[in-house]
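Colleague: final.cif is reproduced in full below (mmCIF, C-alpha atoms (C1' of nucleotides)).
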```
data_structure
loop_
_atom_site.label_atom_id
_atom_site.label_comp_id
_atom_site.auth_asym_id
_atom_site.auth_seq_id
_atom_site.Cartn_x
_atom_site.Cartn_y
_atom_site.Cartn_z
CA MET V 1 0.00 0.00 0.00
CA GLY V 2 2.31 2.71 -1.26
CA CYS V 3 5.96 2.91 -0.43
CA THR V 4 7.55 6.36 -0.54
CA LEU V 5 9.26 7.07 -3.84
CA ALA V 6 11.67 9.73 -4.97
CA TYR V 7 10.81 12.72 -7.20
CA GLY V 8 7.22 13.14 -6.10
CA THR V 9 5.89 10.27 -8.15
CA VAL V 10 2.58 8.96 -6.91
CA PRO V 11 3.15 5.82 -4.92
CA ARG V 12 0.53 3.23 -5.76
CA THR V 13 0.17 -0.45 -5.59
CA ARG V 14 -2.11 -0.99 -8.60
CA LEU V 15 -3.63 1.30 -11.19
CA SER V 16 -7.02 1.27 -12.89
CA LYS V 17 -8.12 2.35 -16.37
CA ASP V 18 -9.46 5.53 -14.78
CA ASP V 19 -6.10 6.35 -13.23
CA TRP V 20 -4.61 6.26 -16.70
CA THR V 21 -7.30 8.34 -18.41
CA ALA V 22 -7.08 10.89 -15.56
CA MET V 23 -3.32 11.11 -16.06
CA ALA V 24 -3.83 11.43 -19.81
CA MET V 25 -6.37 14.22 -19.30
CA THR V 26 -3.84 16.15 -17.21
CA ALA V 27 -1.16 15.61 -19.83
CA LEU V 28 -3.58 16.71 -22.57
CA ALA V 29 -4.39 19.96 -20.80
CA GLU V 30 -0.71 20.64 -20.16
CA GLY V 31 0.82 19.80 -23.50
CA GLY V 32 -1.74 18.61 -26.01
CA VAL V 33 -1.88 15.23 -27.65
CA ALA V 34 1.89 15.07 -28.01
CA ALA V 35 2.19 15.08 -24.22
CA VAL V 36 0.15 11.90 -23.93
CA GLY V 37 3.18 9.61 -23.96
CA ILE V 38 3.08 6.20 -22.35
CA GLU V 39 6.62 6.30 -21.03
CA PRO V 40 6.56 9.81 -19.48
CA MET V 41 3.15 9.18 -17.93
CA ALA V 42 4.28 5.84 -16.53
CA ALA V 43 7.20 7.65 -14.89
CA ARG V 44 4.85 10.25 -13.36
CA LEU V 45 2.58 7.49 -12.10
CA GLY V 46 5.50 5.62 -10.60
CA THR V 47 4.90 2.53 -12.70
CA THR V 48 6.13 1.02 -15.95
CA LYS V 49 4.80 1.04 -19.49
CA GLY V 50 3.51 -2.47 -19.02
CA SER V 51 0.76 -1.10 -16.78
CA ALA V 52 -0.66 1.00 -19.61
CA TYR V 53 -0.47 -1.91 -22.01
CA TRP V 54 -2.30 -4.10 -19.55
CA HIS V 55 -5.28 -1.72 -19.44
CA PHE V 56 -5.19 -0.58 -23.07
CA PRO V 57 -4.06 -2.39 -26.20
CA THR V 58 -2.36 0.72 -27.65
CA ARG V 59 -1.61 4.35 -26.88
CA GLU V 60 -4.39 5.15 -29.34
CA ALA V 61 -6.92 3.21 -27.25
CA LEU V 62 -5.89 5.11 -24.15
CA LEU V 63 -6.26 8.40 -26.01
CA ARG V 64 -9.65 7.35 -27.33
CA ALA V 65 -10.90 6.49 -23.84
CA THR V 66 -9.62 9.84 -22.57
CA LEU V 67 -11.43 11.72 -25.33
CA GLU V 68 -14.66 9.89 -24.58
CA ARG V 69 -14.30 10.87 -20.97
CA TRP V 70 -13.77 14.51 -21.91
CA GLU V 71 -16.68 14.52 -24.34
CA ALA V 72 -19.08 13.19 -21.73
CA ALA V 73 -17.97 15.57 -18.98
CA HIS V 74 -17.92 18.48 -21.37
CA THR V 75 -21.40 17.98 -22.75
CA VAL V 76 -22.77 18.03 -19.23
CA ALA V 77 -20.80 21.17 -18.36
CA VAL V 78 -22.18 23.14 -21.31
CA ILE V 79 -25.75 22.10 -20.62
CA ASP V 80 -25.33 23.17 -17.01
CA LEU V 81 -24.00 26.54 -18.08
CA VAL V 82 -26.64 27.35 -20.60
CA GLU V 83 -29.93 25.69 -19.79
CA ALA V 84 -30.33 27.59 -16.54
CA GLU V 85 -31.07 30.71 -18.61
CA ARG V 86 -34.60 30.66 -20.03
CA ASN V 87 -34.38 33.65 -22.40
CA PRO V 88 -32.93 32.43 -25.74
CA ALA V 89 -31.09 35.64 -26.64
CA ARG V 90 -29.48 35.78 -23.21
CA ARG V 91 -28.68 32.07 -23.52
CA LEU V 92 -26.70 32.78 -26.67
CA ARG V 93 -25.01 35.73 -25.06
CA ARG V 94 -23.97 33.55 -22.14
CA LEU V 95 -22.49 31.01 -24.54
CA PHE V 96 -20.59 33.62 -26.50
CA ALA V 97 -19.37 35.33 -23.34
CA SER V 98 -17.99 32.08 -21.94
CA VAL V 99 -15.86 31.86 -25.05
CA LEU V 100 -14.37 35.33 -24.60
CA GLU V 101 -13.42 34.66 -20.99
CA PRO V 102 -11.52 31.40 -21.21
CA SER V 103 -11.57 29.48 -17.96
CA GLU V 104 -9.87 26.45 -16.46
CA GLY V 105 -12.51 24.25 -17.99
CA HIS V 106 -11.46 25.26 -21.50
CA ALA V 107 -7.87 24.04 -21.15
CA VAL V 108 -8.46 20.57 -22.55
CA GLU V 109 -10.68 21.87 -25.34
CA LEU V 110 -8.06 24.41 -26.42
CA ALA V 111 -5.43 21.67 -26.37
CA LEU V 112 -7.66 19.46 -28.50
CA LEU V 113 -8.32 22.21 -31.02
CA ALA V 114 -4.57 22.64 -31.25
CA SER V 115 -4.14 18.93 -31.95
CA ALA V 116 -6.94 18.71 -34.49
CA ASP V 117 -4.70 16.92 -36.95
CA ASP V 118 -4.78 13.79 -34.85
CA PRO V 119 -7.45 11.54 -36.37
CA LEU V 120 -8.99 10.57 -33.04
CA VAL V 121 -9.07 14.16 -31.86
CA GLY V 122 -10.58 15.19 -35.18
CA GLU V 123 -13.41 12.72 -34.74
CA ALA V 124 -14.17 13.95 -31.23
CA LEU V 125 -14.15 17.55 -32.44
CA ARG V 126 -16.46 16.67 -35.30
CA ARG V 127 -18.99 15.11 -32.97
CA VAL V 128 -19.09 18.09 -30.62
CA ALA V 129 -19.16 20.51 -33.56
CA GLU V 130 -22.22 18.85 -35.00
CA ARG V 131 -24.01 18.79 -31.68
CA ARG V 132 -23.24 22.42 -31.00
CA ILE V 133 -24.14 23.71 -34.43
CA ALA V 134 -27.47 21.90 -34.21
CA TYR V 135 -28.02 23.49 -30.81
CA LEU V 136 -27.16 26.96 -32.11
CA ALA V 137 -29.46 26.48 -35.09
CA ASP V 138 -32.27 25.64 -32.66
CA GLN V 139 -31.62 28.84 -30.76
CA PHE V 140 -31.64 30.97 -33.91
CA GLY V 141 -34.84 29.23 -34.91
CA ILE V 142 -36.43 30.12 -31.58
CA LEU V 143 -35.38 33.70 -32.22
CA GLY V 144 -37.48 33.71 -35.37
CA HIS V 145 -35.16 32.77 -38.22
CA PRO V 146 -36.39 30.28 -40.81
CA PRO V 147 -34.56 26.93 -40.61
CA GLU V 148 -32.05 27.41 -43.45
CA ALA V 149 -31.08 30.91 -42.32
CA ALA V 150 -30.85 29.69 -38.72
CA ARG V 151 -28.51 26.94 -39.83
CA ARG V 152 -26.28 29.41 -41.73
CA ARG V 153 -26.06 31.69 -38.71
CA ALA V 154 -25.23 28.71 -36.53
CA VAL V 155 -22.39 27.66 -38.83
CA LEU V 156 -21.00 31.19 -39.01
CA SER V 157 -21.26 31.60 -35.24
CA TYR V 158 -19.54 28.33 -34.57
CA SER V 159 -16.83 29.15 -37.08
CA ALA V 160 -16.26 32.42 -35.24
CA TYR V 161 -15.99 30.50 -31.98
CA LEU V 162 -13.45 28.03 -33.38
CA GLY V 163 -11.40 30.80 -34.94
CA HIS V 164 -11.48 32.79 -31.75
CA ALA V 165 -10.11 29.79 -29.88
CA GLN V 166 -7.34 29.51 -32.44
CA LEU V 167 -6.42 33.18 -32.14
CA LEU V 168 -6.45 32.85 -28.37
CA ARG V 169 -3.57 30.41 -28.72
CA THR V 170 -1.60 31.63 -31.67
CA ALA V 171 -2.21 35.39 -31.71
CA PRO V 172 -3.69 36.58 -28.40
CA GLY V 173 -2.24 40.02 -29.09
CA ALA V 174 -4.67 40.43 -31.96
CA LEU V 175 -7.67 40.02 -29.67
CA PRO V 176 -9.27 42.75 -27.57
CA ALA V 177 -7.34 42.84 -24.29
CA ALA V 178 -9.01 45.27 -21.89
CA ARG V 179 -12.26 44.29 -20.21
CA ASP V 180 -14.30 47.05 -21.85
CA GLU V 181 -12.81 46.24 -25.26
CA ARG V 182 -13.93 42.67 -24.81
CA ARG V 183 -17.39 43.88 -23.88
CA SER V 184 -17.58 46.06 -26.99
CA TYR V 185 -16.36 43.15 -29.06
CA LEU V 186 -18.97 40.83 -27.58
CA ASP V 187 -21.72 43.42 -28.09
CA GLU V 188 -20.79 44.08 -31.69
CA SER V 189 -20.38 40.38 -32.50
CA MET V 190 -23.77 39.62 -30.98
CA ARG V 191 -25.31 42.42 -33.02
CA MET V 192 -23.77 41.14 -36.24
CA LEU V 193 -24.66 37.49 -35.68
CA LEU V 194 -28.13 38.10 -34.26
CA GLY V 195 -28.94 41.15 -36.36
CA GLY V 196 -31.85 41.45 -38.77
CA VAL V 197 -34.11 39.17 -36.75
CA ALA V 198 -37.52 38.54 -38.30
CA MET Z 199 24.56 12.77 -62.97
CA GLY Z 200 21.75 10.65 -61.57
CA CYS Z 201 21.85 6.89 -61.65
CA THR Z 202 18.49 5.12 -61.83
CA LEU Z 203 17.24 3.98 -58.45
CA ALA Z 204 14.49 1.62 -57.39
CA TYR Z 205 11.11 2.62 -55.95
CA GLY Z 206 10.74 5.89 -57.81
CA THR Z 207 13.13 7.77 -55.59
CA VAL Z 208 14.57 10.86 -57.19
CA PRO Z 209 18.09 10.10 -58.42
CA ARG Z 210 20.39 12.97 -57.57
CA THR Z 211 24.01 13.51 -57.03
CA ARG Z 212 23.81 16.34 -54.51
CA LEU Z 213 20.97 18.16 -52.79
CA SER Z 214 20.54 21.82 -51.88
CA LYS Z 215 18.73 23.52 -49.01
CA ASP Z 216 15.92 24.26 -51.45
CA ASP Z 217 15.55 20.61 -52.39
CA TRP Z 218 14.95 19.86 -48.74
CA THR Z 219 12.47 22.68 -48.10
CA ALA Z 220 10.60 21.70 -51.28
CA MET Z 221 10.40 18.12 -50.06
CA ALA Z 222 9.25 19.34 -46.64
CA MET Z 223 6.56 21.52 -48.24
CA THR Z 224 5.20 18.49 -50.08
CA ALA Z 225 5.24 16.44 -46.89
CA LEU Z 226 3.52 19.29 -45.02
CA ALA Z 227 0.70 19.48 -47.55
CA GLU Z 228 0.28 15.71 -47.50
CA GLY Z 229 0.42 14.96 -43.81
CA GLY Z 230 0.98 18.05 -41.72
CA VAL Z 231 3.93 18.77 -39.51
CA ALA Z 232 4.10 15.16 -38.31
CA ALA Z 233 4.93 14.11 -41.86
CA VAL Z 234 8.05 16.27 -41.95
CA GLY Z 235 10.35 13.48 -40.80
CA ILE Z 236 14.02 13.49 -41.68
CA GLU Z 237 14.30 9.76 -42.22
CA PRO Z 238 11.22 9.25 -44.42
CA MET Z 239 12.06 12.33 -46.49
CA ALA Z 240 15.65 11.18 -46.91
CA ALA Z 241 14.32 7.87 -48.23
CA ARG Z 242 12.06 9.66 -50.72
CA LEU Z 243 14.95 11.83 -51.83
CA GLY Z 244 17.19 8.82 -52.26
CA THR Z 245 19.73 10.08 -49.76
CA THR Z 246 20.57 9.63 -46.09
CA LYS Z 247 19.72 11.64 -43.00
CA GLY Z 248 23.21 13.08 -43.00
CA SER Z 249 22.27 15.20 -46.01
CA ALA Z 250 19.56 17.00 -44.04
CA TYR Z 251 21.91 17.51 -41.11
CA TRP Z 252 24.50 18.97 -43.40
CA HIS Z 253 22.10 21.68 -44.64
CA PHE Z 254 20.22 22.23 -41.38
CA PRO Z 255 21.36 21.87 -37.78
CA THR Z 256 18.08 20.27 -36.66
CA ARG Z 257 14.71 19.13 -37.97
CA GLU Z 258 13.33 22.29 -36.39
CA ALA Z 259 15.59 24.49 -38.51
CA LEU Z 260 14.42 22.70 -41.65
CA LEU Z 261 10.82 23.20 -40.62
CA ARG Z 262 11.48 26.86 -39.88
CA ALA Z 263 13.01 27.44 -43.31
CA THR Z 264 10.06 25.69 -44.92
CA LEU Z 265 7.58 27.88 -43.05
CA GLU Z 266 9.43 31.01 -44.11
CA ARG Z 267 9.27 29.85 -47.69
CA TRP Z 268 5.53 29.24 -47.41
CA GLU Z 269 4.93 32.58 -45.73
CA ALA Z 270 6.71 34.48 -48.48
CA ALA Z 271 5.02 32.65 -51.35
CA HIS Z 272 1.69 32.88 -49.65
CA THR Z 273 1.78 36.61 -48.99
CA VAL Z 274 2.46 37.19 -52.66
CA ALA Z 275 -0.37 34.87 -53.71
CA VAL Z 276 -2.94 36.69 -51.59
CA ILE Z 277 -1.87 40.09 -52.83
CA ASP Z 278 -2.14 38.85 -56.40
CA LEU Z 279 -5.62 37.53 -55.76
CA VAL Z 280 -7.01 40.57 -54.10
CA GLU Z 281 -5.33 43.73 -55.24
CA ALA Z 282 -6.50 43.34 -58.83
CA GLU Z 283 -10.01 44.24 -57.64
CA ARG Z 284 -10.38 47.98 -57.03
CA ASN Z 285 -13.77 48.03 -55.33
CA PRO Z 286 -13.27 47.41 -51.59
CA ALA Z 287 -16.53 45.55 -50.97
CA ARG Z 288 -15.89 43.27 -53.93
CA ARG Z 289 -12.31 42.84 -52.72
CA LEU Z 290 -13.64 41.49 -49.41
CA ARG Z 291 -16.12 39.27 -51.20
CA ARG Z 292 -13.35 37.84 -53.32
CA LEU Z 293 -11.34 37.08 -50.20
CA PHE Z 294 -14.25 35.43 -48.44
CA ALA Z 295 -15.20 33.47 -51.54
CA SER Z 296 -11.69 32.09 -51.90
CA VAL Z 297 -12.10 30.66 -48.42
CA LEU Z 298 -15.33 28.85 -49.25
CA GLU Z 299 -13.88 27.22 -52.35
CA PRO Z 300 -10.70 25.67 -51.05
CA SER Z 301 -8.12 25.16 -53.76
CA GLU Z 302 -4.82 23.39 -54.19
CA GLY Z 303 -3.06 26.44 -52.86
CA HIS Z 304 -4.76 26.09 -49.49
CA ALA Z 305 -3.42 22.61 -48.77
CA VAL Z 306 -0.35 23.76 -46.88
CA GLU Z 307 -2.27 26.40 -44.97
CA LEU Z 308 -4.91 23.87 -43.89
CA ALA Z 309 -2.18 21.50 -42.79
CA LEU Z 310 -0.53 24.28 -40.80
CA LEU Z 311 -3.78 25.24 -39.10
CA ALA Z 312 -4.14 21.58 -38.16
CA SER Z 313 -0.67 21.58 -36.63
CA ALA Z 314 -1.06 24.85 -34.77
CA ASP Z 315 0.24 23.31 -31.57
CA ASP Z 316 3.73 23.19 -32.98
CA PRO Z 317 5.54 26.29 -31.63
CA LEU Z 318 7.13 27.17 -34.95
CA VAL Z 319 3.88 26.75 -36.83
CA GLY Z 320 2.13 28.82 -34.19
CA GLU Z 321 4.56 31.69 -34.73
CA ALA Z 322 4.09 31.62 -38.48
CA LEU Z 323 0.32 31.57 -38.07
CA ARG Z 324 0.50 34.48 -35.64
CA ARG Z 325 2.45 36.59 -38.13
CA VAL Z 326 0.05 35.98 -40.98
CA ALA Z 327 -2.95 36.47 -38.68
CA GLU Z 328 -1.72 39.87 -37.64
CA ARG Z 329 -1.00 40.95 -41.19
CA ARG Z 330 -4.36 39.78 -42.42
CA ILE Z 331 -6.38 41.27 -39.59
CA ALA Z 332 -4.67 44.60 -40.17
CA TYR Z 333 -5.50 44.33 -43.85
CA LEU Z 334 -9.13 43.49 -43.14
CA ALA Z 335 -9.38 46.39 -40.69
CA ASP Z 336 -8.13 48.69 -43.44
CA GLN Z 337 -10.81 47.44 -45.78
CA PHE Z 338 -13.57 47.93 -43.22
CA GLY Z 339 -12.18 51.41 -42.60
CA ILE Z 340 -12.38 52.20 -46.28
CA LEU Z 341 -15.99 51.02 -46.19
CA GLY Z 342 -16.72 53.74 -43.64
CA HIS Z 343 -16.36 52.10 -40.23
CA PRO Z 344 -14.54 54.04 -37.51
CA PRO Z 345 -11.18 52.46 -36.62
CA GLU Z 346 -12.19 50.57 -33.48
CA ALA Z 347 -15.32 49.12 -35.05
CA ALA Z 348 -13.35 48.25 -38.19
CA ARG Z 349 -10.84 46.41 -36.05
CA ARG Z 350 -13.59 44.43 -34.26
CA ARG Z 351 -15.16 43.44 -37.56
CA ALA Z 352 -11.77 42.39 -38.86
CA VAL Z 353 -11.15 40.18 -35.83
CA LEU Z 354 -14.59 38.59 -36.08
CA SER Z 355 -14.19 38.04 -39.82
CA TYR Z 356 -10.80 36.46 -39.42
CA SER Z 357 -12.07 34.27 -36.60
CA ALA Z 358 -14.83 33.10 -38.89
CA TYR Z 359 -12.26 32.31 -41.56
CA LEU Z 360 -10.07 30.29 -39.18
CA GLY Z 361 -13.05 28.42 -37.79
CA HIS Z 362 -14.30 27.70 -41.27
CA ALA Z 363 -10.95 26.19 -42.15
CA GLN Z 364 -11.14 24.04 -39.05
CA LEU Z 365 -14.66 22.80 -39.89
CA LEU Z 366 -13.50 22.07 -43.42
CA ARG Z 367 -11.12 19.52 -41.96
CA THR Z 368 -12.89 18.12 -38.96
CA ALA Z 369 -16.59 18.45 -39.83
CA PRO Z 370 -17.06 19.13 -43.56
CA GLY Z 371 -20.53 17.60 -43.30
CA ALA Z 372 -21.62 20.53 -41.17
CA LEU Z 373 -20.82 23.04 -43.92
CA PRO Z 374 -23.08 23.95 -46.84
CA ALA Z 375 -22.40 21.37 -49.56
CA ALA Z 376 -24.30 22.35 -52.71
CA ARG Z 377 -23.08 25.23 -54.82
CA ASP Z 378 -26.18 27.34 -54.28
CA GLU Z 379 -26.09 26.66 -50.53
CA ARG Z 380 -22.52 27.93 -50.47
CA ARG Z 381 -23.59 31.02 -52.34
CA SER Z 382 -26.40 31.69 -49.86
CA TYR Z 383 -23.97 31.15 -47.03
CA LEU Z 384 -21.45 33.55 -48.53
CA ASP Z 385 -24.17 36.15 -49.18
CA GLU Z 386 -25.57 35.92 -45.68
CA SER Z 387 -22.13 35.97 -44.04
CA MET Z 388 -21.15 39.02 -46.07
CA ARG Z 389 -24.37 40.75 -45.04
CA MET Z 390 -23.78 40.01 -41.37
CA LEU Z 391 -20.12 41.00 -41.34
CA LEU Z 392 -20.50 44.06 -43.57
CA GLY Z 393 -23.96 45.03 -42.35
CA GLY Z 394 -24.87 48.34 -40.72
CA VAL Z 395 -22.28 50.29 -42.67
CA ALA Z 396 -22.11 53.98 -41.86
"C1'" DA W 397 31.34 20.89 -49.97
"C1'" DC W 398 28.36 17.28 -49.32
"C1'" DC W 399 27.33 12.63 -48.04
"C1'" DT W 400 27.63 7.68 -45.86
"C1'" DG W 401 27.23 4.57 -42.14
"C1'" DA W 402 27.32 3.47 -37.65
"C1'" DA W 403 26.16 4.83 -33.22
"C1'" DC W 404 23.09 6.54 -29.42
"C1'" DA W 405 18.66 8.34 -27.20
"C1'" DC W 406 13.75 8.35 -26.83
"C1'" DC W 407 9.45 6.22 -26.91
"C1'" DG W 408 5.71 2.86 -28.76
"C1'" DT W 409 4.95 -1.98 -28.59
"C1'" DT W 410 5.50 -6.95 -27.32
"C1'" DC W 411 5.95 -10.60 -24.25
"C1'" DA W 412 7.77 -14.01 -21.02
"C1'" DA W 413 8.20 -14.11 -16.36
"C1'" DG W 414 7.00 -12.61 -11.80
"C1'" DT W 415 3.57 -11.54 -7.67
"C1'" DA G 416 -5.32 -9.60 -12.17
"C1'" DC G 417 -1.74 -6.56 -12.72
"C1'" DC G 418 3.03 -5.43 -13.22
"C1'" DT G 419 8.35 -5.79 -14.27
"C1'" DG G 420 12.16 -5.91 -17.29
"C1'" DA G 421 14.17 -6.85 -21.35
"C1'" DA G 422 13.71 -6.74 -26.11
"C1'" DC G 423 12.77 -4.62 -30.75
"C1'" DA G 424 11.34 -0.85 -34.17
"C1'" DC G 425 11.28 3.85 -35.55
"C1'" DC G 426 13.22 8.20 -35.99
"C1'" DG G 427 15.98 12.47 -34.33
"C1'" DT G 428 20.72 13.55 -33.66
"C1'" DT G 429 25.86 13.15 -33.76
"C1'" DC G 430 30.10 12.36 -35.85
"C1'" DA G 431 34.18 10.23 -37.85
"C1'" DA G 432 35.29 8.90 -42.20
"C1'" DG G 433 34.75 9.02 -47.17
"C1'" DT G 434 34.53 11.48 -52.10
#
```
Can the structure in the file be given as structure tokens, please?
Modeller:
Amino acid sequence: MGCTLAYGTVPRTRLSKDDWTAMAMTALAEGGVAAVGIEPMAARLGTTKGSAYWHFPTREALLRATLERWEAAHTVAVIDLVEAERNPARRLRRLFASVLEPSEGHAVELALLASADDPLVGEALRRVAERRIAYLADQFGILGHPPEAARRRAVLSYSAYLGHAQLLRTAPGALPAARDERRSYLDESMRMLLGGVA
Amino acid sequence: MGCTLAYGTVPRTRLSKDDWTAMAMTALAEGGVAAVGIEPMAARLGTTKGSAYWHFPTREALLRATLERWEAAHTVAVIDLVEAERNPARRLRRLFASVLEPSEGHAVELALLASADDPLVGEALRRVAERRIAYLADQFGILGHPPEAARRRAVLSYSAYLGHAQLLRTAPGALPAARDERRSYLDESMRMLLGGVA
DNA sequence: ACCTGAACACCGTTCAAGT
DNA sequence: ACCTGAACACCGTTCAAGT
């Protein structure tokens, strides 16, 4: 039951699948998909690579399980954030605002967007994109737009979100920095994307 | 001067820096940053890894030179595309339209956006983002928007572009597929981003 | 000046052997 | 049931030696 080890590694007797996906989630948030390495993670867990290969057939399977875990937790988190607000326009504003003020909870998502060239990550991103665009289209529909127009606004809005996330990583200097600039930016973006309502 | 080799490798006596960056550009377009591997590229060039390490101190230096080459060529290509059109609104439409109809020339850029977590790629993307946002802000200024509003529209427009590129890779099914749907989407996006002009 | 060939390090993967 | 330890493959990097 846990002898003391050097270098702050976690002393454990036996590990579970969940211990490995939790470790992988941490690595993901810290350094993206490239940081999900079996050997480095085994070292941090105070075990050997064989442990990972007991629980998962390949590194890819471990990554897949980790992405599923993120997707499930994340879906719940967004619903919690948004569904509490009954007014549809304010619901959209809350969504958009949460994008402009990136929190702890966005760390893994930003890392995943950065690693979108990984096939498994790409699949996970596709699934959440489709869910979210459908949700946005619903909201625009509720606001009075006919279905096709609502869908177009949803796609444009989600594109803006994805691009914003990208700029946040690669060119934060290009984004509004001061709090009131961000508010103006949010206001103007909302006006452009919601504008011309029926 | 060039003996015939098996497996379609390019028979060469000696290689230059440019031969290596050209090879790397091809690899980039095909498989992103991960595909820029010294050993596989050496095999395709019919040489050994030592050749690369003669011309470049590290793989990173080769990648950096390749990105600089892309950046230079790419800047020229965009200017060629756009500056021929004198009318500023049509100039913007031409830009936006070129995004919706992805061509051969976009392959490397899409691959780079997919590999944005690489530090070198991130830097290159930051430089082009800042140039392009400044250019877009100029255009919105010419169309009559005051500077701060022009800047906000430029940031939102560029975000939409980046996000669109991301969807193109990870969720093409979510984007308008038919030609007339794309036209409607372009029209509506233009109206939203250009709308409310002074 | 440019390349070969052998070496080493790092990490994914396998597997026989341990507890 | 879960892990160790040694092995192998792949590729980045180095470098002494070749032309």
Colleague: Give me the residues near range 78-80 of chain V as a ChimeraX atom specification, where near means some atom within 10 Å (using all atoms listed in the file) and where sequence neighbours in that chain fewer than 6 positions away do not count.
Modeller: /V:95,98,132
Colleague: Please report as a Markdown table every residue of chain G lying within 9 Å of chain Z, along with the nearest atom pair and their distance in Å (one decimal), using all atoms listed in the file.
Modeller:
```
| residue | atom | partner | partner_atom | distance |
| --- | --- | --- | --- | --- |
| G:DC426 | C1' | Z:Glu237 | CA | 6.5 |
| G:DG427 | C1' | Z:Ile236 | CA | 7.7 |
| G:DT428 | C1' | Z:Thr256 | CA | 7.8 |
```
Colleague: Write to file, as a PDB file, keeping the file's coordinate frame, the residues of the selection just made, with C-alpha atoms (C1' of nucleotides).
Modeller:
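Generated output (again-v3.pdb):
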```
ATOM      1  C1'  DC G 426      13.220   8.200 -35.990  1.00  0.00           C
ATOM      2  C1'  DG G 427      15.980  12.470 -34.330  1.00  0.00           C
ATOM      3  C1'  DT G 428      20.720  13.550 -33.660  1.00  0.00           C
TER       4       DT G 428
END
```
Colleague: So how far away is CA of Leu310 in chain Z from CA of Leu226 in chain Z, in Å?
Modeller: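 Value for the CA of Leu226 in chain Z-CA of Leu310 in chain Z distance: 7.7 Å.
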Colleague: With all atoms listed in the file counted and 7 Å as the cut-off, give the residues of chain Z in contact with chain V, each with its shortest interatomic distance in Å and the pair that gives it, as CSV.
Modeller:
```
residue,atom,partner,partner_atom,distance
Z:Ala312,CA,V:Asp117,CA,4.8
Z:Ser313,CA,V:Asp117,CA,6.2
Z:Ala314,CA,V:Ala114,CA,5.4
Z:Asp315,CA,V:Ala114,CA,4.9
Z:Gly320,CA,V:Thr170,CA,5.3
Z:Glu321,CA,V:Thr170,CA,6.9
Z:Leu323,CA,V:Thr170,CA,6.7
Z:Arg324,CA,V:Ala171,CA,4.9
Z:Glu328,CA,V:Ala174,CA,6.4
Z:Arg350,CA,V:Tyr185,CA,6.0
Z:Leu354,CA,V:Ala160,CA,6.4
Z:Ser357,CA,V:Gly163,CA,3.9
Z:Ala358,CA,V:Ala160,CA,4.0
Z:Tyr359,CA,V:Gly163,CA,6.8
Z:Leu360,CA,V:Gly163,CA,4.5
Z:Gly361,CA,V:Ser159,CA,3.9
Z:His362,CA,V:Ser159,CA,5.1
Z:Thr368,CA,V:Gly122,CA,5.3
Z:Ala369,CA,V:Arg126,CA,4.9
Z:Ala372,CA,V:Glu130,CA,6.4
Z:Tyr383,CA,V:Arg152,CA,6.0
Z:Met390,CA,V:Met192,CA,5.3
Z:Leu391,CA,V:Met192,CA,6.3
```
Colleague: What does the distance from CA of Gly144 in chain V to CA of Met190 in chain V come to in Å, to one decimal?
Modeller: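 Spanning CA of Gly144 in chain V to CA of Met190 in chain V is a straight-line distance of 15.6 Å.
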Colleague: Could you give me, as number ranges by chain, the residues within 10 Å of Ala295 in chain Z, counting all atoms listed in the file and dropping anything in the same chain fewer than 4 positions from it?
Modeller: Z: 289-291, 299-300, 380-381, 384-385, 388
Colleague: For C-alpha atoms, I'd like the residues from the last selection saved as a compact mmCIF listing (two decimals), in the coordinates of the input.
Modeller:
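Contents of again_35.txt, as written:
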```
# COMPACT_ATOMS: atom_id res chain seq x y z
CA ARG Z 289 -12.31 42.84 -52.72
CA LEU Z 290 -13.64 41.49 -49.41
CA ARG Z 291 -16.12 39.27 -51.20
CA GLU Z 299 -13.88 27.22 -52.35
CA PRO Z 300 -10.70 25.67 -51.05
CA ARG Z 380 -22.52 27.93 -50.47
CA ARG Z 381 -23.59 31.02 -52.34
CA LEU Z 384 -21.45 33.55 -48.53
CA ASP Z 385 -24.17 36.15 -49.18
CA MET Z 388 -21.15 39.02 -46.07
```
Colleague: Between CA of Thr48 in chain V and CA of Trp20 in chain V, what distance in Å does the model show, to one decimal?
Modeller: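 Distance reported for this atom pair: 12.0 Å.
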Colleague: Taking (16.0, -7.9, -19.2) in the file's coordinates, which residues come within 12 Å, counting all atoms listed in the file, written as a list of chain:residue names?
Modeller: W:DC411, W:DA412, W:DA413, G:DT419, G:DG420, G:DA421, G:DA422
Colleague: Would you kindly identify which residues have an atom no farther than 12 Å from (-5.5, -1.8, -9.3), using only C-alpha atoms (C1' of nucleotides) and the file's own coordinates, and write them out as a list of chain:residue names?
Modeller: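 Final list of nearby residues, as requested, is V:Met1, V:Arg12, V:Thr13, V:Arg14, V:Leu15, V:Ser16, V:Lys17, V:Asp18, V:Asp19, V:Trp20, V:Thr47, V:Ser51, V:Ala52, V:Trp54, V:His55, G:DA416, G:DC417, G:DC418.
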Colleague: So which one's closest to His272 in chain Z, Z:Val306, Z:Ala352, Z:Ala375, Z:Ala225? Using all atoms listed in the file, please.
Modeller: Z:Val306
